[in-house]
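For reference, the structure is listed below as structure tokens.
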Amino acid sequence: MVLEVKKISKNFGGIQALTDVSFSIEQGEVIGLIGPNGAGKTTMFNMITAMFPPSSGEIIFMGKSLSGLKPHEITKLGICRTFQNIRLFSDLTVRENVMVGNHCRLTTGVWQSVFRTKHQKQEEKKVLEKADEILEIVGLLEHSQTIAKNLSYGQQRRLEIARALASDPKLLLLDEPAAGMNEKETNDLFDLITKIKSLGITVLLIEHDMPLVMRICSRLVVLNFGEKIAEGTPDSIQTNKEVIEAYLGVEEEEEELA
Ligand SMILES: Nc1ncnc2c1ncn2[C@@H]1O[C@H](COP(=O)(O)OP(=O)(O)OP(=O)(O)O)[C@@H](O)[C@H]1O
């Protein structure tokens, strides 16, 4: 088992964002975490990556409890995420953005950097090669010298994933990677996630693009108002009454507001 989420609850000063949510992920799976707006999906990512501590419950990653760990320690263990909003170093090149993502794996100390030791030079070369390898995977190698802000929107989202891959994750958390993408970009994203899966990396995906979720995920976990209301294959979730009601409820409210 890669990840075991055990009865996680999170309370933000009276707002119950998550209540007793449990699920687990096996090595190599692509799992979808879905639910209407405000259901608690991003909060769950924040719990797994230790952005905030849970109010109760425990998360186990590859047999090790994450309780009390800091975000950088979680990254080092092999969990990395992307964010809903693009968070790139927009004035750095594409390659530099990926190299920054590799930072947590470096072993060069301050003095080795100052004196440009052989170890440091070797490590720098390795980081460069690794960055290019990842850029090749995400299809951005030809843009390695481009300044990040000059990439198209879809390319910037791919660069975010590249940066996350640079930390060598065993578990990759993607927060709405298809948001704002056109059909072609979404298809490319499908191919990229498939490639990531074939590298043996386990993926937990928050996504509102249901056709993409249904195509790429082997299993879905559905949240509504902070509670898990269903879990199962895409087919079983599509016909689940409680899930349909949770989503229809949102649509009806939106219609009323319109
Ligand atoms: N840092 C925080 N402080 C206070 N309340 C928060 C915080 N983070 C999330 N919440 C609240 O927790 C609830 C769940 O929010 P969350 O962002 O996890 O939902 P979501 O499912 O990711 O929604 P969306 O699909 O809109 O991104 C919401 O009511 C939100 O306002």
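Each chain in the structure tokens gets a letter, A, B and so on, in the order shown; residues start at 1 in every chain, and ligands are counted from 1 in the order they appear.
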
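Neighbouring residues of ligand 1 at a cut-off of 8 Å, counting only C-alpha atoms and all ligand atoms, are Asn11, Phe12, Gly13, Ile15, Gln16, Ala17, Leu18, Ile34, Gly35, Pro36, Asn37, Gly38, Ala39, Gly40, Lys41, Thr42, Thr43, Met44, Gln84, His208, Leu223, Asn224, Phe225 and Gly226 of chain A.
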
For the selection just defined, write its residues with C-alpha atoms to a file, as a PDB file, in the first residue's frame.
```
ATOM      1  CA  ASN A  11     -11.759  21.685  11.374  1.00  0.00           C
ATOM      2  CA  PHE A  12     -10.953  25.316  10.465  1.00  0.00           C
ATOM      3  CA  GLY A  13     -12.324  27.352  13.391  1.00  0.00           C
ATOM      4  CA  ILE A  15     -15.787  24.915   9.483  1.00  0.00           C
ATOM      5  CA  GLN A  16     -15.682  21.131   9.282  1.00  0.00           C
ATOM      6  CA  ALA A  17     -13.697  20.720   6.036  1.00  0.00           C
ATOM      7  CA  LEU A  18     -13.183  16.940   6.443  1.00  0.00           C
ATOM      8  CA  ILE A  34     -13.709  14.188  -6.843  1.00  0.00           C
ATOM      9  CA  GLY A  35     -16.662  16.115  -5.412  1.00  0.00           C
ATOM     10  CA  PRO A  36     -18.461  19.450  -5.775  1.00  0.00           C
ATOM     11  CA  ASN A  37     -16.770  22.767  -4.929  1.00  0.00           C
ATOM     12  CA  GLY A  38     -15.882  23.056  -1.255  1.00  0.00           C
ATOM     13  CA  ALA A  39     -16.149  19.283  -0.697  1.00  0.00           C
ATOM     14  CA  GLY A  40     -12.728  19.165   0.983  1.00  0.00           C
ATOM     15  CA  LYS A  41     -10.528  17.855  -1.835  1.00  0.00           C
ATOM     16  CA  THR A  42      -7.757  20.468  -1.596  1.00  0.00           C
ATOM     17  CA  THR A  43      -7.890  20.233   2.184  1.00  0.00           C
ATOM     18  CA  MET A  44      -7.153  16.506   1.823  1.00  0.00           C
ATOM     19  CA  GLN A  84      -4.738  24.637  -8.463  1.00  0.00           C
ATOM     20  CA  HIS A 208     -13.481  18.533 -12.388  1.00  0.00           C
ATOM     21  CA  LEU A 223     -16.240  13.726  -1.171  1.00  0.00           C
ATOM     22  CA  ASN A 224     -19.235  15.910  -0.378  1.00  0.00           C
ATOM     23  CA  PHE A 225     -19.354  18.423   2.470  1.00  0.00           C
ATOM     24  CA  GLY A 226     -16.149  16.931   3.872  1.00  0.00           C
TER      25      GLY A 226
END
```

Which parts of segment 10-242 of chain A does DSSP call helix (DSSP H, G or I) when run on the backbone here, written out as a PyMOL selection string? chain A and resi 41-48+71-77+94-101+103-105+110-114+118-138+141-143+148-150+153-165+183-198+210-216+234-238+241-242

Thr186 of chain A surroundings by only C-alpha atoms, 12 Å radius, close-in-sequence under 2 positions cut, as a ChimeraX atom specification: /A:153-155,157-158,176-184,188-193,207-213,215-216

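Between Val100 of chain A and the candidates A:Arg163, A:Lys241, A:Lys64, A:Arg219, the tightest atom-to-atom separation, counting only C-alpha atoms, involves A:Arg163.
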
Show me, as a ChimeraX atom specification, the residues that have an atom within 7 Å of Leu3 of chain A when counting only C-alpha atoms, minus same-chain residues fewer than 6 positions from it. /A:24-26,60-62

What does the structure give for the distance between atom CA of Leu172 of chain A and atom CA of Thr202 of chain A, in Å to one decimal?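 Atom CA of Thr202 of chain A lies 6.2 Å from atom CA of Leu172 of chain A.
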
Can you check which residues of segment 135-192 of chain A DSSP gives as strand (DSSP E or B) on the backbone and send them as a list of chain:residue names? A:Ile147, A:Leu171, A:Leu172, A:Leu173, A:Leu174, A:Asp175

I'd like the contact shell of Ser218 of chain A - 8 Å cut-off, only C-alpha atoms, skipping same-chain residues fewer than 2 positions apart - returned as JSON, numbers by chain. {"A": [29, 30, 31, 216, 220, 233, 234]}

Write a file of the selected residues as an mmCIF file, in the first residue's frame, keeping N, CA and C atoms.
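result_2.cif was written with the following content:
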```cif
data_model
loop_
_atom_site.group_PDB
_atom_site.id
_atom_site.type_symbol
_atom_site.label_atom_id
_atom_site.label_comp_id
_atom_site.auth_asym_id
_atom_site.auth_seq_id
_atom_site.Cartn_x
_atom_site.Cartn_y
_atom_site.Cartn_z
ATOM 1 N N GLU A 29 -1.459 2.919 -8.904
ATOM 2 C CA GLU A 29 -2.837 3.298 -9.258
ATOM 3 C C GLU A 29 -2.907 4.786 -9.644
ATOM 4 N N VAL A 30 -3.920 5.117 -10.459
ATOM 5 C CA VAL A 30 -4.290 6.525 -10.656
ATOM 6 C C VAL A 30 -5.688 6.660 -10.057
ATOM 7 N N ILE A 31 -5.770 7.389 -8.949
ATOM 8 C CA ILE A 31 -7.029 7.501 -8.214
ATOM 9 C C ILE A 31 -7.566 8.926 -8.358
ATOM 10 N N ILE A 216 -9.090 8.126 -17.132
ATOM 11 C CA ILE A 216 -7.729 7.875 -16.651
ATOM 12 C C ILE A 216 -7.672 7.124 -15.307
ATOM 13 N N LEU A 220 -12.318 5.875 -7.993
ATOM 14 C CA LEU A 220 -12.607 7.242 -7.574
ATOM 15 C C LEU A 220 -13.024 7.263 -6.108
ATOM 16 N N THR A 233 -15.165 2.045 -8.870
ATOM 17 C CA THR A 233 -14.729 2.221 -10.256
ATOM 18 C C THR A 233 -15.505 3.386 -10.882
ATOM 19 N N PRO A 234 -14.948 4.007 -11.928
ATOM 20 C CA PRO A 234 -15.670 5.109 -12.590
ATOM 21 C C PRO A 234 -17.094 4.712 -12.977
#
```

Can you pull out the residues contacting Ile48 of chain A? Cut-off 10 Å, using only C-alpha atoms, and skip same-chain residues under 4 positions away; I want them as an mmCIF file with C-alpha atoms, in the first residue's frame.
```cif
data_model
loop_
_atom_site.group_PDB
_atom_site.id
_atom_site.type_symbol
_atom_site.label_atom_id
_atom_site.label_comp_id
_atom_site.auth_asym_id
_atom_site.auth_seq_id
_atom_site.Cartn_x
_atom_site.Cartn_y
_atom_site.Cartn_z
ATOM 1 C CA LEU A 3 -0.995 5.605 1.013
ATOM 2 C CA GLU A 4 -3.447 4.922 3.814
ATOM 3 C CA VAL A 5 -5.672 7.804 4.903
ATOM 4 C CA ILE A 8 -8.900 12.174 8.778
ATOM 5 C CA THR A 42 -7.757 20.468 -1.596
ATOM 6 C CA THR A 43 -7.890 20.233 2.184
ATOM 7 C CA MET A 44 -7.153 16.506 1.823
ATOM 8 C CA PHE A 52 -1.734 21.892 7.882
ATOM 9 C CA PRO A 53 -1.959 19.180 10.544
ATOM 10 C CA PRO A 54 -5.207 17.168 10.629
ATOM 11 C CA GLU A 58 -3.538 9.529 10.648
ATOM 12 C CA ILE A 59 -1.924 9.239 7.230
ATOM 13 C CA ILE A 60 0.487 6.405 6.509
ATOM 14 C CA PHE A 61 2.828 6.597 3.506
ATOM 15 C CA LEU A 66 3.275 11.232 8.424
ATOM 16 C CA SER A 67 2.133 12.656 11.770
ATOM 17 C CA PRO A 71 6.243 19.620 4.242
ATOM 18 C CA ILE A 74 7.113 14.746 3.168
ATOM 19 C CA ILE A 79 5.177 12.799 -2.049
ATOM 20 C CA CYS A 80 4.924 15.820 -4.331
ATOM 21 C CA ARG A 81 2.012 17.972 -5.472
ATOM 22 C CA LEU A 173 -0.804 14.701 -6.188
#
```

Selected residue, from A:Asn187, A:Gln238, A:Thr19, A:Gln122, that lies nearest to Ser55 of chain A when counting only C-alpha atoms: A:Thr19

Give me, as a PyMOL selection string, all polymer residues having an atom no more than 9 Å from Gly200 of chain A, counting only C-alpha atoms and skipping those fewer than 6 positions away in the same chain. chain A and resi 27-29+170

What does the distance between atom CA of Ile206 of chain A and atom CA of Leu174 of chain A come to in Å, to one decimal place?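 So the two atoms, atom CA of Ile206 of chain A and atom CA of Leu174 of chain A, lie 6.1 Å apart.
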
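The interatomic distance for the pair atom CA of Ser144 of chain A and atom CA of Val98 of chain A works out to 9.4 Å.
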
Give the answer as one residue: which of A:Asp175, A:Glu160, A:Glu123, A:Glu231 has the shortest atom-to-atom distance to Phe45 of chain A, using only C-alpha atoms?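 So, comparing all the options, the nearest one is A:Asp175.
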
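Compared by their closest atoms to Gly32 of chain A, and using only C-alpha atoms, the residues A:Asp235, A:Glu242, A:Tyr247, A:Cys217 rank with A:Cys217 nearest.
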